[in-house]
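Structure file coords-v3.txt; described as compact mmCIF, C-alpha atoms and all ligand atoms.
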```txt
# COMPACT_ATOMS: atom_id res chain seq x y z
CA MET P 11 5.72 27.40 -29.15
CA ASN P 12 3.44 27.30 -26.14
CA SER P 13 5.10 28.79 -23.04
CA VAL P 14 4.14 25.70 -21.05
CA ASN P 15 6.55 23.60 -23.07
CA THR P 16 9.54 25.62 -21.97
CA LYS P 17 8.94 24.69 -18.32
CA ASP P 18 10.73 21.86 -16.60
CA THR P 19 9.01 18.53 -16.28
CA ILE P 20 7.34 17.92 -12.93
CA PRO P 21 8.27 14.32 -12.27
CA PHE P 22 5.81 11.88 -10.79
CA LEU P 23 8.39 11.00 -8.16
CA ASP P 24 11.77 12.52 -7.35
CA LEU P 25 13.99 9.80 -5.92
CA ALA P 26 17.33 11.46 -6.61
CA THR P 27 17.09 14.54 -4.38
CA ILE P 28 16.46 12.57 -1.19
CA HIS P 29 19.49 10.37 -1.79
CA ILE P 30 21.80 13.22 -2.74
CA GLU P 31 20.87 14.95 0.52
CA LEU P 32 21.85 11.81 2.44
CA GLU P 33 24.88 10.95 0.33
CA GLU P 34 27.40 11.12 3.16
CA GLU P 35 25.40 9.07 5.63
CA LEU P 36 24.55 6.45 3.02
CA THR P 37 28.12 6.20 1.76
CA GLU P 38 29.24 5.65 5.35
CA VAL P 39 26.90 2.64 5.59
CA PHE P 40 28.37 1.19 2.42
CA LYS P 41 31.95 1.73 3.58
CA ARG P 42 31.28 0.07 6.92
CA ALA P 43 29.83 -2.96 5.12
CA LEU P 44 32.90 -3.17 2.86
CA HIS P 45 35.29 -2.93 5.80
CA THR P 46 33.51 -5.50 7.93
CA ALA P 47 32.35 -7.69 5.02
CA GLY P 48 29.04 -7.92 6.84
CA PHE P 49 26.72 -8.33 3.88
CA ILE P 50 23.94 -10.65 5.04
CA GLY P 51 22.20 -10.56 8.44
CA GLY P 52 24.12 -9.53 11.53
CA PRO P 53 23.90 -6.50 13.84
CA VAL P 54 23.04 -3.94 11.13
CA VAL P 55 19.92 -5.91 10.19
CA GLU P 56 18.98 -6.39 13.84
CA GLU P 57 19.40 -2.68 14.53
CA PHE P 58 17.04 -1.81 11.70
CA GLU P 59 14.51 -4.44 12.82
CA ARG P 60 14.44 -2.98 16.33
CA ALA P 61 14.08 0.57 15.02
CA PHE P 62 11.31 -0.29 12.57
CA ALA P 63 9.35 -2.34 15.15
CA THR P 64 9.50 0.70 17.46
CA PHE P 65 8.40 3.01 14.64
CA CYS P 66 5.37 0.80 13.93
CA GLY P 67 4.48 0.22 17.57
CA SER P 68 4.82 -3.53 17.11
CA LYS P 69 6.87 -5.95 19.20
CA TYR P 70 8.76 -7.73 16.42
CA CYS P 71 10.11 -6.93 12.99
CA VAL P 72 11.66 -9.43 10.59
CA GLY P 73 13.60 -7.96 7.68
CA VAL P 74 13.19 -9.78 4.36
CA GLY P 75 14.10 -9.44 0.70
CA SER P 76 11.00 -7.59 -0.57
CA GLY P 77 7.43 -6.66 0.21
CA THR P 78 6.31 -9.72 -1.73
CA ASP P 79 8.47 -11.96 0.50
CA ALA P 80 7.04 -10.16 3.53
CA LEU P 81 3.45 -10.87 2.44
CA ARG P 82 4.19 -14.49 1.56
CA PHE P 83 6.09 -15.23 4.78
CA ALA P 84 3.58 -13.34 6.95
CA LEU P 85 0.72 -15.40 5.52
CA ILE P 86 2.54 -18.72 5.85
CA ALA P 87 3.85 -17.90 9.34
CA ALA P 88 0.36 -16.83 10.42
CA GLY P 89 -0.88 -20.28 9.39
CA VAL P 90 -2.37 -19.85 5.92
CA LYS P 91 -1.85 -23.10 4.09
CA SER P 92 -2.56 -24.99 0.94
CA GLY P 93 -6.31 -25.42 0.37
CA ASP P 94 -7.38 -22.30 2.31
CA VAL P 95 -9.37 -19.41 0.94
CA VAL P 96 -8.13 -15.85 1.60
CA ILE P 97 -10.14 -12.66 1.12
CA THR P 98 -8.63 -9.49 -0.36
CA VAL P 99 -9.40 -6.56 -2.66
CA PRO P 100 -8.95 -6.34 -6.45
CA ASN P 101 -7.43 -2.84 -6.57
CA THR P 102 -3.92 -3.52 -5.39
CA PHE P 103 -0.55 -4.45 -6.81
CA ILE P 104 -0.45 -8.10 -7.88
CA ALA P 105 2.11 -8.92 -5.17
CA THR P 106 -0.77 -9.06 -2.67
CA THR P 107 -2.48 -11.86 -4.53
CA GLU P 108 0.70 -13.60 -5.68
CA ALA P 109 1.63 -14.01 -2.03
CA ILE P 110 -1.77 -15.49 -1.22
CA SER P 111 -1.57 -17.95 -4.13
CA GLN P 112 2.05 -18.81 -3.35
CA ALA P 113 1.06 -19.61 0.23
CA GLY P 114 -1.20 -22.20 -1.42
CA ALA P 115 -4.51 -20.42 -0.86
CA GLU P 116 -7.32 -19.55 -3.24
CA LEU P 117 -8.29 -15.90 -3.74
CA ARG P 118 -11.66 -14.32 -3.09
CA PHE P 119 -12.08 -10.68 -3.99
CA VAL P 120 -14.46 -8.30 -2.26
CA ASP P 121 -15.33 -4.84 -3.53
CA ILE P 122 -14.04 -1.59 -2.08
CA ASP P 123 -15.45 1.51 -0.43
CA GLU P 124 -16.03 4.05 -3.18
CA ARG P 125 -14.63 6.97 -1.23
CA THR P 126 -11.51 5.51 0.43
CA TYR P 127 -10.74 2.87 -2.27
CA ASN P 128 -10.01 0.48 0.60
CA MET P 129 -11.67 -2.80 1.55
CA ASP P 130 -15.35 -2.35 2.37
CA PRO P 131 -16.03 -4.31 5.58
CA ALA P 132 -19.71 -4.63 4.58
CA LYS P 133 -18.62 -6.50 1.43
CA VAL P 134 -16.52 -8.90 3.50
CA LEU P 135 -19.51 -9.61 5.70
CA GLU P 136 -21.77 -10.00 2.67
CA TYR P 137 -19.40 -12.59 1.20
CA LEU P 138 -19.16 -14.53 4.47
CA GLU P 139 -22.91 -14.44 5.09
CA ASN P 140 -24.11 -15.18 1.56
CA ARG P 141 -21.41 -17.22 -0.11
CA CYS P 142 -20.08 -19.26 2.79
CA THR P 143 -21.42 -21.77 5.26
CA VAL P 144 -20.40 -21.87 8.88
CA ASP P 145 -19.51 -25.38 9.99
CA ASN P 146 -20.20 -25.18 13.70
CA ARG P 147 -18.91 -28.68 14.35
CA LEU P 148 -15.47 -27.97 12.92
CA GLY P 149 -15.58 -24.31 13.90
CA VAL P 150 -14.71 -23.18 10.38
CA VAL P 151 -16.37 -21.16 7.65
CA ILE P 152 -16.49 -22.87 4.26
CA ASP P 153 -16.50 -21.06 0.92
CA ASN P 154 -19.50 -22.51 -0.91
CA LYS P 155 -17.97 -22.41 -4.40
CA SER P 156 -14.80 -24.34 -3.58
CA GLY P 157 -15.76 -26.17 -0.41
CA LYS P 158 -12.54 -24.86 1.12
CA PRO P 159 -12.14 -23.17 4.51
CA VAL P 160 -11.79 -19.38 4.59
CA THR P 161 -8.92 -18.59 6.95
CA ALA P 162 -7.67 -15.04 6.44
CA ILE P 163 -8.42 -11.48 5.34
CA VAL P 164 -5.75 -9.28 3.72
CA PRO P 165 -6.76 -5.61 3.83
CA VAL P 166 -4.49 -3.34 1.79
CA HIS P 167 -3.75 0.14 3.20
CA LEU P 168 -3.84 1.64 -0.28
CA TYR P 169 -2.13 4.90 -1.23
CA GLY P 170 -0.93 5.32 2.38
CA GLN P 171 -4.32 5.27 4.09
CA MET P 172 -5.35 2.48 6.41
CA ALA P 173 -8.40 0.34 5.77
CA ASP P 174 -11.29 0.55 8.26
CA MET P 175 -9.75 -1.92 10.69
CA ASP P 176 -12.25 -1.99 13.61
CA PRO P 177 -15.07 -3.63 11.64
CA ILE P 178 -12.62 -5.83 9.72
CA LEU P 179 -11.15 -7.14 12.99
CA GLU P 180 -14.64 -7.61 14.42
CA ILE P 181 -15.75 -9.69 11.43
CA ALA P 182 -12.49 -11.65 11.57
CA GLU P 183 -13.05 -12.44 15.23
CA LYS P 184 -16.64 -13.49 14.67
CA TYR P 185 -15.65 -15.92 11.92
CA GLY P 186 -12.30 -17.02 13.38
CA LEU P 187 -10.21 -15.49 10.57
CA MET P 188 -6.70 -14.08 10.66
CA VAL P 189 -5.98 -10.55 9.50
CA VAL P 190 -2.70 -9.87 7.72
CA GLU P 191 -2.20 -6.22 6.75
CA ASP P 192 -0.68 -5.30 3.40
CA ALA P 193 1.07 -2.17 4.70
CA CYS P 194 3.41 -1.94 1.70
CA GLN P 195 2.22 1.62 0.97
CA ALA P 196 1.55 2.71 4.55
CA HIS P 197 4.75 3.22 6.57
CA GLY P 198 3.59 5.41 9.45
CA ALA P 199 -0.11 5.65 8.50
CA GLN P 200 -2.48 5.65 11.45
CA TYR P 201 -6.00 4.52 12.28
CA PHE P 202 -8.15 5.66 15.16
CA SER P 203 -9.61 2.58 16.77
CA LYS P 204 -12.90 3.49 18.42
CA LYS P 205 -12.86 0.15 20.13
CA GLU P 206 -9.53 0.85 21.81
CA ASN P 207 -10.00 4.61 21.86
CA CYS P 208 -6.51 5.29 20.51
CA TRP P 209 -4.52 5.79 17.31
CA ARG P 210 -2.82 2.67 15.96
CA LYS P 211 -0.03 2.52 13.41
CA ALA P 212 -0.11 0.40 10.28
CA GLY P 213 1.68 -2.84 11.05
CA SER P 214 0.53 -3.03 14.66
CA VAL P 215 -3.13 -3.91 14.18
CA GLY P 216 -3.39 -7.28 12.46
CA LYS P 217 -1.91 -10.64 13.41
CA ALA P 218 0.99 -9.68 11.15
CA ALA P 219 1.75 -7.04 8.53
CA ALA P 220 3.92 -6.76 5.45
CA PHE P 221 5.96 -3.73 4.40
CA SER P 222 7.84 -3.08 1.17
CA PHE P 223 10.95 -0.94 1.00
CA TYR P 224 10.99 -0.81 -2.78
CA PRO P 225 12.81 2.46 -3.64
CA GLY P 226 9.64 4.39 -4.52
CA LYS P 227 7.82 3.64 -1.25
CA ASN P 228 7.66 6.24 1.56
CA LEU P 229 10.53 4.36 3.20
CA GLY P 230 12.59 2.88 0.41
CA ALA P 231 15.86 0.98 0.26
CA CYS P 232 18.47 1.58 -2.46
CA GLY P 233 17.43 -1.76 -3.91
CA GLU P 234 14.97 -4.46 -2.85
CA ALA P 235 13.84 -4.95 0.76
CA GLY P 236 10.81 -5.63 2.93
CA ALA P 237 9.75 -6.46 6.48
CA ILE P 238 7.14 -8.27 8.52
CA THR P 239 5.86 -6.81 11.78
CA THR P 240 3.91 -8.72 14.42
CA ASN P 241 3.25 -8.81 18.15
CA GLU P 242 3.52 -12.60 18.23
CA GLU P 243 6.90 -14.06 19.08
CA ARG P 244 6.20 -17.44 17.48
CA LEU P 245 5.05 -15.87 14.25
CA ALA P 246 8.21 -13.74 14.13
CA GLN P 247 10.35 -16.83 14.76
CA LYS P 248 8.65 -18.73 11.97
CA ALA P 249 9.07 -15.79 9.59
CA ARG P 250 12.79 -15.69 10.48
CA MET P 251 13.08 -19.36 9.55
CA LEU P 252 11.11 -18.94 6.34
CA ARG P 253 13.41 -16.17 5.11
CA ASP P 254 16.47 -18.34 5.69
CA HIS P 255 15.76 -21.81 4.23
CA GLY P 256 13.85 -23.01 7.27
CA GLN P 257 16.99 -22.99 9.38
CA SER P 258 16.70 -22.94 13.16
CA LYS P 259 20.51 -22.78 13.20
CA LYS P 260 23.06 -23.01 10.46
CA TYR P 261 22.50 -26.15 8.35
CA TYR P 262 19.74 -27.43 10.65
CA HIS P 263 16.52 -27.13 8.66
CA ASP P 264 13.27 -27.62 10.55
CA MET P 265 11.34 -27.11 7.34
CA GLU P 266 11.82 -25.93 3.79
CA GLY P 267 11.97 -22.18 3.49
CA TYR P 268 13.11 -19.56 1.02
CA ASN P 269 16.05 -17.31 0.29
CA GLY P 270 14.34 -14.14 1.42
CA ARG P 271 16.79 -12.35 3.67
CA LEU P 272 17.34 -8.62 4.09
CA ASP P 273 20.93 -7.78 3.22
CA SER P 274 22.86 -5.61 5.65
CA ILE P 275 23.74 -2.81 3.26
CA GLN P 276 20.04 -2.24 2.58
CA ALA P 277 19.29 -2.53 6.32
CA GLY P 278 21.95 0.11 7.00
CA PHE P 279 20.50 2.43 4.35
CA LEU P 280 17.03 1.89 5.80
CA THR P 281 18.20 2.69 9.35
CA VAL P 282 19.54 6.03 8.11
CA LYS P 283 16.42 6.83 6.08
CA LEU P 284 14.01 5.74 8.85
CA ARG P 285 15.23 8.73 10.91
CA TYR P 286 13.77 11.03 8.26
CA LEU P 287 10.55 9.12 7.58
CA ALA P 288 8.31 11.09 9.96
CA GLU P 289 9.55 14.37 8.48
CA TRP P 290 9.07 13.12 4.90
CA ASN P 291 5.57 11.81 5.69
CA ASN P 292 4.76 15.18 7.22
CA LYS P 293 5.89 16.97 4.06
CA ARG P 294 3.69 14.68 1.98
CA GLN P 295 0.75 15.50 4.26
CA VAL P 296 1.38 19.22 3.85
CA ALA P 297 1.52 18.76 0.08
CA ALA P 298 -1.70 16.72 0.15
CA HIS P 299 -3.47 19.49 2.11
CA LYS P 300 -2.24 21.98 -0.45
CA TYR P 301 -3.63 19.90 -3.32
CA ASP P 302 -6.91 19.47 -1.40
CA GLN P 303 -7.23 23.23 -1.01
CA LEU P 304 -6.38 23.94 -4.63
CA PHE P 305 -8.90 21.38 -5.84
CA SER P 306 -11.71 22.31 -3.44
CA PRO P 307 -13.31 24.91 -5.74
CA VAL P 308 -12.81 22.74 -8.84
CA ASP P 309 -15.81 20.83 -10.17
CA GLY P 310 -15.15 17.62 -12.03
CA VAL P 311 -12.34 16.39 -9.78
CA ILE P 312 -12.74 14.09 -6.81
CA ALA P 313 -9.85 14.63 -4.41
CA PRO P 314 -8.81 11.88 -1.97
CA TYR P 315 -11.19 11.30 0.92
CA CYS P 316 -9.59 10.91 4.32
CA PRO P 317 -12.09 10.05 7.08
CA ASP P 318 -11.42 11.56 10.51
CA TRP P 319 -10.35 8.14 11.79
CA ALA P 320 -7.43 7.96 9.37
CA GLN P 321 -4.11 9.75 9.14
CA ALA P 322 -2.88 9.07 5.63
CA ILE P 323 0.78 9.36 4.70
CA TYR P 324 0.04 9.91 1.00
CA HIS P 325 2.22 7.38 -0.69
CA LEU P 326 0.16 8.49 -3.67
CA TYR P 327 -2.19 11.41 -4.25
CA VAL P 328 -4.97 10.01 -6.41
CA ILE P 329 -7.75 12.06 -7.97
CA ARG P 330 -10.71 10.93 -10.01
CA VAL P 331 -11.95 12.46 -13.25
CA GLN P 332 -14.35 11.43 -15.97
CA ASP P 333 -12.01 11.72 -18.95
CA ARG P 334 -8.91 10.16 -17.46
CA ALA P 335 -7.17 9.45 -20.78
CA GLY P 336 -7.72 13.01 -21.95
CA LEU P 337 -6.40 14.48 -18.72
CA GLN P 338 -3.29 12.30 -18.77
CA LYS P 339 -2.56 13.30 -22.34
CA HIS P 340 -3.01 16.98 -21.53
CA LEU P 341 -0.75 16.73 -18.46
CA ALA P 342 1.92 14.85 -20.40
CA GLU P 343 1.93 17.65 -22.99
CA ALA P 344 2.25 20.18 -20.16
CA LYS P 345 5.22 18.19 -18.79
CA VAL P 346 3.44 16.90 -15.72
CA ASP P 347 4.09 13.20 -15.12
CA THR P 348 1.25 11.04 -13.81
CA GLY P 349 0.55 7.39 -13.04
CA ILE P 350 -2.39 5.00 -12.68
CA HIS P 351 -2.58 2.77 -9.61
CA TYR P 352 -3.90 0.49 -10.95
CA PRO P 353 -5.43 0.44 -14.47
CA VAL P 354 -6.78 -3.14 -14.44
CA PRO P 355 -8.35 -4.59 -11.28
CA LEU P 356 -6.78 -7.94 -10.46
CA HIS P 357 -9.97 -9.99 -10.97
CA LEU P 358 -9.90 -8.91 -14.64
CA GLN P 359 -6.22 -9.63 -15.21
CA LYS P 360 -5.27 -12.44 -17.56
CA ALA P 361 -3.38 -14.13 -14.71
CA TYR P 362 -6.70 -14.64 -12.89
CA HIS P 363 -8.93 -15.71 -15.78
CA GLY P 364 -9.11 -19.11 -14.16
CA LEU P 365 -10.90 -17.72 -11.11
CA GLY P 366 -13.99 -17.06 -13.21
CA TYR P 367 -14.59 -13.40 -12.36
CA GLN P 368 -16.23 -11.18 -14.96
CA GLN P 369 -16.54 -7.51 -15.77
CA GLY P 370 -19.25 -6.15 -13.49
CA ASP P 371 -18.53 -8.48 -10.58
CA LEU P 372 -16.78 -5.77 -8.54
CA PRO P 373 -18.28 -2.60 -9.99
CA ILE P 374 -16.88 -0.03 -7.56
CA ALA P 375 -13.29 -1.14 -8.05
CA GLU P 376 -13.83 -1.37 -11.81
CA ARG P 377 -15.24 2.14 -12.09
CA ALA P 378 -12.50 3.58 -9.92
CA ALA P 379 -9.85 1.87 -12.04
CA SER P 380 -11.09 3.72 -15.12
CA GLU P 381 -11.19 7.18 -13.51
CA ILE P 382 -8.20 7.43 -11.15
CA VAL P 383 -5.02 9.38 -11.84
CA SER P 384 -2.04 9.65 -9.48
CA LEU P 385 -0.51 13.13 -9.44
CA PRO P 386 3.10 14.00 -8.57
CA MET P 387 3.67 13.38 -4.83
CA TYR P 388 6.92 13.30 -2.88
CA PRO P 389 8.41 15.17 0.09
CA HIS P 390 10.31 17.68 -2.04
CA LEU P 391 7.37 18.63 -4.24
CA THR P 392 7.08 22.43 -4.10
CA ALA P 393 3.98 24.57 -3.73
CA GLU P 394 4.76 26.16 -7.12
CA GLN P 395 4.92 22.77 -8.79
CA GLN P 396 1.60 21.84 -7.19
CA SER P 397 -0.03 25.05 -8.42
CA ARG P 398 1.17 24.29 -11.93
CA VAL P 399 -0.24 20.75 -11.73
CA VAL P 400 -3.64 21.98 -10.56
CA ASP P 401 -3.68 24.86 -13.07
CA GLU P 402 -3.14 22.34 -15.85
CA VAL P 403 -5.92 20.08 -14.56
CA VAL P 404 -8.26 23.08 -14.48
CA ARG P 405 -7.14 24.20 -17.92
CA PHE P 406 -7.96 20.74 -19.26
CA LEU P 407 -11.40 20.64 -17.65
CA ASP P 408 -12.22 24.13 -18.97
CA ARG P 409 -11.05 23.24 -22.46
CA GLU P 410 -13.24 20.13 -22.50
CA MET P 411 -16.33 22.19 -21.82
CA LEU P 412 -18.35 23.45 -24.76
CA PRO P 413 -19.16 27.17 -24.68
CA GLY P 414 -22.07 27.86 -22.38
CA GLN P 415 -21.95 24.39 -20.86
CA VAL P 416 -21.69 24.01 -17.11
CA ARG P 417 -19.09 21.53 -16.03
CA ALA P 418 -20.60 18.37 -14.62
CA GLY P 419 -20.02 17.61 -10.96
CA CYS P 420 -18.12 14.59 -9.82
CA PRO P 421 -17.68 11.82 -12.37
CA SER P 422 -19.77 8.92 -11.17
CA LEU P 423 -20.61 9.66 -7.58
CA GLU P 424 -21.33 12.53 -5.29
CA VAL P 425 -18.68 12.95 -2.64
CA GLY P 426 -17.13 15.86 -0.83
CA GLN P 427 -13.50 16.87 -0.88
CA GLY P 428 -11.02 15.18 1.40
CA THR P 429 -10.94 16.47 4.92
CA ALA P 430 -7.25 15.95 5.53
C1 LIG E 501 4.97 -2.41 -3.44
C2 LIG E 501 3.82 -3.25 -3.04
C3 LIG E 501 3.97 -4.63 -2.81
C4 LIG E 501 5.20 -5.42 -3.15
O1 LIG E 501 6.38 -4.98 -2.62
P1 LIG E 501 7.78 -5.38 -3.34
O2 LIG E 501 8.79 -4.86 -2.36
O3 LIG E 501 7.82 -4.70 -4.64
O4 LIG E 501 7.83 -6.85 -3.45
C5 LIG E 501 2.87 -5.33 -2.31
N1 LIG E 501 1.69 -4.73 -2.08
C6 LIG E 501 1.51 -3.41 -2.33
C7 LIG E 501 0.17 -2.80 -2.05
C8 LIG E 501 2.56 -2.64 -2.83
O5 LIG E 501 2.36 -1.35 -3.08
```

Would you mind giving the structure from this file in structure tokens?
Amino acid sequence: MNSVNTKDTIPFLDLATIHIELEEELTEVFKRALHTAGFIGGPVVEEFERAFATFCGSKYCVGVGSGTDALRFALIAAGVKSGDVVITVPNTFIATTEAISQAGAELRFVDIDERTYNMDPAKVLEYLENRCTVDNRLGVVIDNKSGKPVTAIVPVHLYGQMADMDPILEIAEKYGLMVVEDACQAHGAQYFSKKENCWRKAGSVGKAAAFSFYPGKNLGACGEAGAITTNEERLAQKARMLRDHGQSKKYYHDMEGYNGRLDSIQAGFLTVKLRYLAEWNNKRQVAAHKYDQLFSPVDGVIAPYCPDWAQAIYHLYVIRVQDRAGLQKHLAEAKVDTGIHYPVPLHLQKAYHGLGYQQGDLPIAERAASEIVSLPMYPHLTAEQQSRVVDEVVRFLDREMLPGQVRAGCPSLEVGQGTA
């Protein structure tokens, strides 16, 4: 038997260790909830909301039931309504687009930047300039295909790295659009705004932002949870009503809402874990640098690209290779777990057949989807584990080569290694 097979599996994500380390503090939260029977809302939720708003550098935080709730309520509270058109990217989790559709809006996808995998501002502009008509009289921009007004842009800070927000905000301002950040993978990520000459945290840049605290996220609950951040008091108030059946006070409903509250046990867990988030993000960054270094002499692998205006918090560490299926199979045999985020771009999903997109419509996202692999990444990942992962990637690439053949460079584009 191959010696590799006797080694322990390197998991894609290690959720247990973090929670075992915090067992006492987390158990205390649970006990306090049992003793006070404070299960929904109340001071524990408010304490977390204050702490998370501070962490994000935003004025308000509204705790909700999930990241999907957060996106849906943020969009509705911002003013997206039935009959609007909302712009987003195809390479994200479907919750982004479900929220847009559930707010009543129609989706328009724009392609991504091939190096950052985030929304390409030039593609947003191209869509607005070439496929929309500005109605100066009404002060709106109309999507030519549907005749509906375009009202918002949802950039997704994918893998823990923020989208290029300065140009996105500039385009939004020019066309009178709202910007709602999908920050579900970006708790603590930062963006250097040249316009403001300062670093800005995810969740503090757009009109509103949505966070998920799904267990596997950089800040995760021990169950389902999410939050909206915003600097606008009215938007926060509306989001608070939306999460609680449209109530302005108990049994007085100003509108219909949802059951989308954050429960206090989860809020208590999150308050404890938030104290460690900066440290955990830092450990992920150290691990990402380590991967970057190990991959820098390796041809045939594109490591993540982090521009100097971004500080990524590496929710995922995603590389790109030509033979993705082969690499995944090899790594599985070597007991290295991997993932794909995401294998099918949303415009090609069955759920969105009705939108009329076709293969080839968003080529950069489509090509990326077929070449990306997410490697193990979590705060407790060790340097030895990382060396083993990279050794196995190299072993695979070497094995694929025929004798005498020189390994091809990057799969489908020429880019440098990540700088951070
Ligand atoms: C996790 C995630 C969501 C959804 O969050 P849930 O808490 O699972 O509802 C939305 N968008 C992105 C980009 C995500 O990664």

All residues having an atom within 8 Å of ligand LIG 501 (chain E) (only C-alpha atoms and all ligand atoms) as an mmCIF file with C-alpha atoms, in the coordinates of the input:
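Generated output (part.cif):
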```cif
data_model
loop_
_atom_site.group_PDB
_atom_site.id
_atom_site.type_symbol
_atom_site.label_atom_id
_atom_site.label_comp_id
_atom_site.auth_asym_id
_atom_site.auth_seq_id
_atom_site.Cartn_x
_atom_site.Cartn_y
_atom_site.Cartn_z
ATOM 1 C CA GLY P 75 14.100 -9.440 0.700
ATOM 2 C CA SER P 76 11.000 -7.590 -0.570
ATOM 3 C CA GLY P 77 7.430 -6.660 0.210
ATOM 4 C CA THR P 78 6.310 -9.720 -1.730
ATOM 5 C CA ASP P 79 8.470 -11.960 0.500
ATOM 6 C CA ALA P 80 7.040 -10.160 3.530
ATOM 7 C CA LEU P 81 3.450 -10.870 2.440
ATOM 8 C CA THR P 102 -3.920 -3.520 -5.390
ATOM 9 C CA PHE P 103 -0.550 -4.450 -6.810
ATOM 10 C CA ILE P 104 -0.450 -8.100 -7.880
ATOM 11 C CA ALA P 105 2.110 -8.920 -5.170
ATOM 12 C CA THR P 106 -0.770 -9.060 -2.670
ATOM 13 C CA VAL P 166 -4.490 -3.340 1.790
ATOM 14 C CA HIS P 167 -3.750 0.140 3.200
ATOM 15 C CA LEU P 168 -3.840 1.640 -0.280
ATOM 16 C CA TYR P 169 -2.130 4.900 -1.230
ATOM 17 C CA ASP P 192 -0.680 -5.300 3.400
ATOM 18 C CA ALA P 193 1.070 -2.170 4.700
ATOM 19 C CA CYS P 194 3.410 -1.940 1.700
ATOM 20 C CA GLN P 195 2.220 1.620 0.970
ATOM 21 C CA ALA P 220 3.920 -6.760 5.450
ATOM 22 C CA PHE P 221 5.960 -3.730 4.400
ATOM 23 C CA SER P 222 7.840 -3.080 1.170
ATOM 24 C CA PHE P 223 10.950 -0.940 1.000
ATOM 25 C CA TYR P 224 10.990 -0.810 -2.780
ATOM 26 C CA LYS P 227 7.820 3.640 -1.250
ATOM 27 C CA GLU P 234 14.970 -4.460 -2.850
ATOM 28 C CA ALA P 235 13.840 -4.950 0.760
ATOM 29 C CA GLY P 236 10.810 -5.630 2.930
#
```

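Shortest separation to Ala277 of chain P among P:Leu23, P:Ala378, P:Met251, P:Ile50 occurs at residue P:Ile50, atoms counted being all atoms listed in the file.
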
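You will find atom CA of Arg250 of chain P at 6.4 Å from atom CA of Val72 of chain P.
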
Minimum-distance residue to Lys283 of chain P, chosen among P:Ala297, P:Leu391, P:Cys232, P:Ala237 (using only C-alpha atoms):
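Distance minimum relative to Lys283 of chain P lands on P:Cys232.
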
Give me the residues within 8 Å of Thr98 of chain P as a PyMOL selection string, counting all atoms listed in the file and dropping any in the same chain fewer than 2 places off.
chain P and resi 96+100+107+117-120+129+163-166

Counting all atoms listed in the file, which residues sit no farther than 12 Å from the position (-8.2, -6.1, -11.9) in the file's frame? I'd like them as a PyMOL selection string.
chain P and resi 99-104+107+119-121+351-363+365+367-380

Identify which of the residues P:Tyr70, P:Tyr185, P:Phe202, P:Phe62 lies closest to Lys217 of chain P, counting only C-alpha atoms when measuring atom-to-atom distances.
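For Lys217 of chain P, the nearest of the given residues is P:Tyr70.
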
Write out as a PDB file with C-alpha atoms, in the frame of the given file which residues come within 10 Å of Arg330 of chain P when counting all atoms listed in the file, dropping same-chain ones fewer than 2 positions away.
```
ATOM      1  CA  GLY P 310     -15.150  17.620 -12.030  1.00  0.00           C
ATOM      2  CA  VAL P 311     -12.340  16.390  -9.780  1.00  0.00           C
ATOM      3  CA  ILE P 312     -12.740  14.090  -6.810  1.00  0.00           C
ATOM      4  CA  ALA P 313      -9.850  14.630  -4.410  1.00  0.00           C
ATOM      5  CA  PRO P 314      -8.810  11.880  -1.970  1.00  0.00           C
ATOM      6  CA  VAL P 328      -4.970  10.010  -6.410  1.00  0.00           C
ATOM      7  CA  GLN P 332     -14.350  11.430 -15.970  1.00  0.00           C
ATOM      8  CA  ASP P 333     -12.010  11.720 -18.950  1.00  0.00           C
ATOM      9  CA  ARG P 334      -8.910  10.160 -17.460  1.00  0.00           C
ATOM     10  CA  ALA P 378     -12.500   3.580  -9.920  1.00  0.00           C
ATOM     11  CA  ALA P 379      -9.850   1.870 -12.040  1.00  0.00           C
ATOM     12  CA  SER P 380     -11.090   3.720 -15.120  1.00  0.00           C
ATOM     13  CA  GLU P 381     -11.190   7.180 -13.510  1.00  0.00           C
ATOM     14  CA  ILE P 382      -8.200   7.430 -11.150  1.00  0.00           C
ATOM     15  CA  VAL P 383      -5.020   9.380 -11.840  1.00  0.00           C
ATOM     16  CA  SER P 384      -2.040   9.650  -9.480  1.00  0.00           C
ATOM     17  CA  CYS P 420     -18.120  14.590  -9.820  1.00  0.00           C
ATOM     18  CA  PRO P 421     -17.680  11.820 -12.370  1.00  0.00           C
ATOM     19  CA  SER P 422     -19.770   8.920 -11.170  1.00  0.00           C
TER      20      SER P 422
END
```

List the neighbours of Asp18 of chain P out to 10 Å using only C-alpha atoms; skip same-chain residues closer than 4 positions along the sequence, and give me the result as an NGL selection string.
:P and (14 or 344-346 or 395)
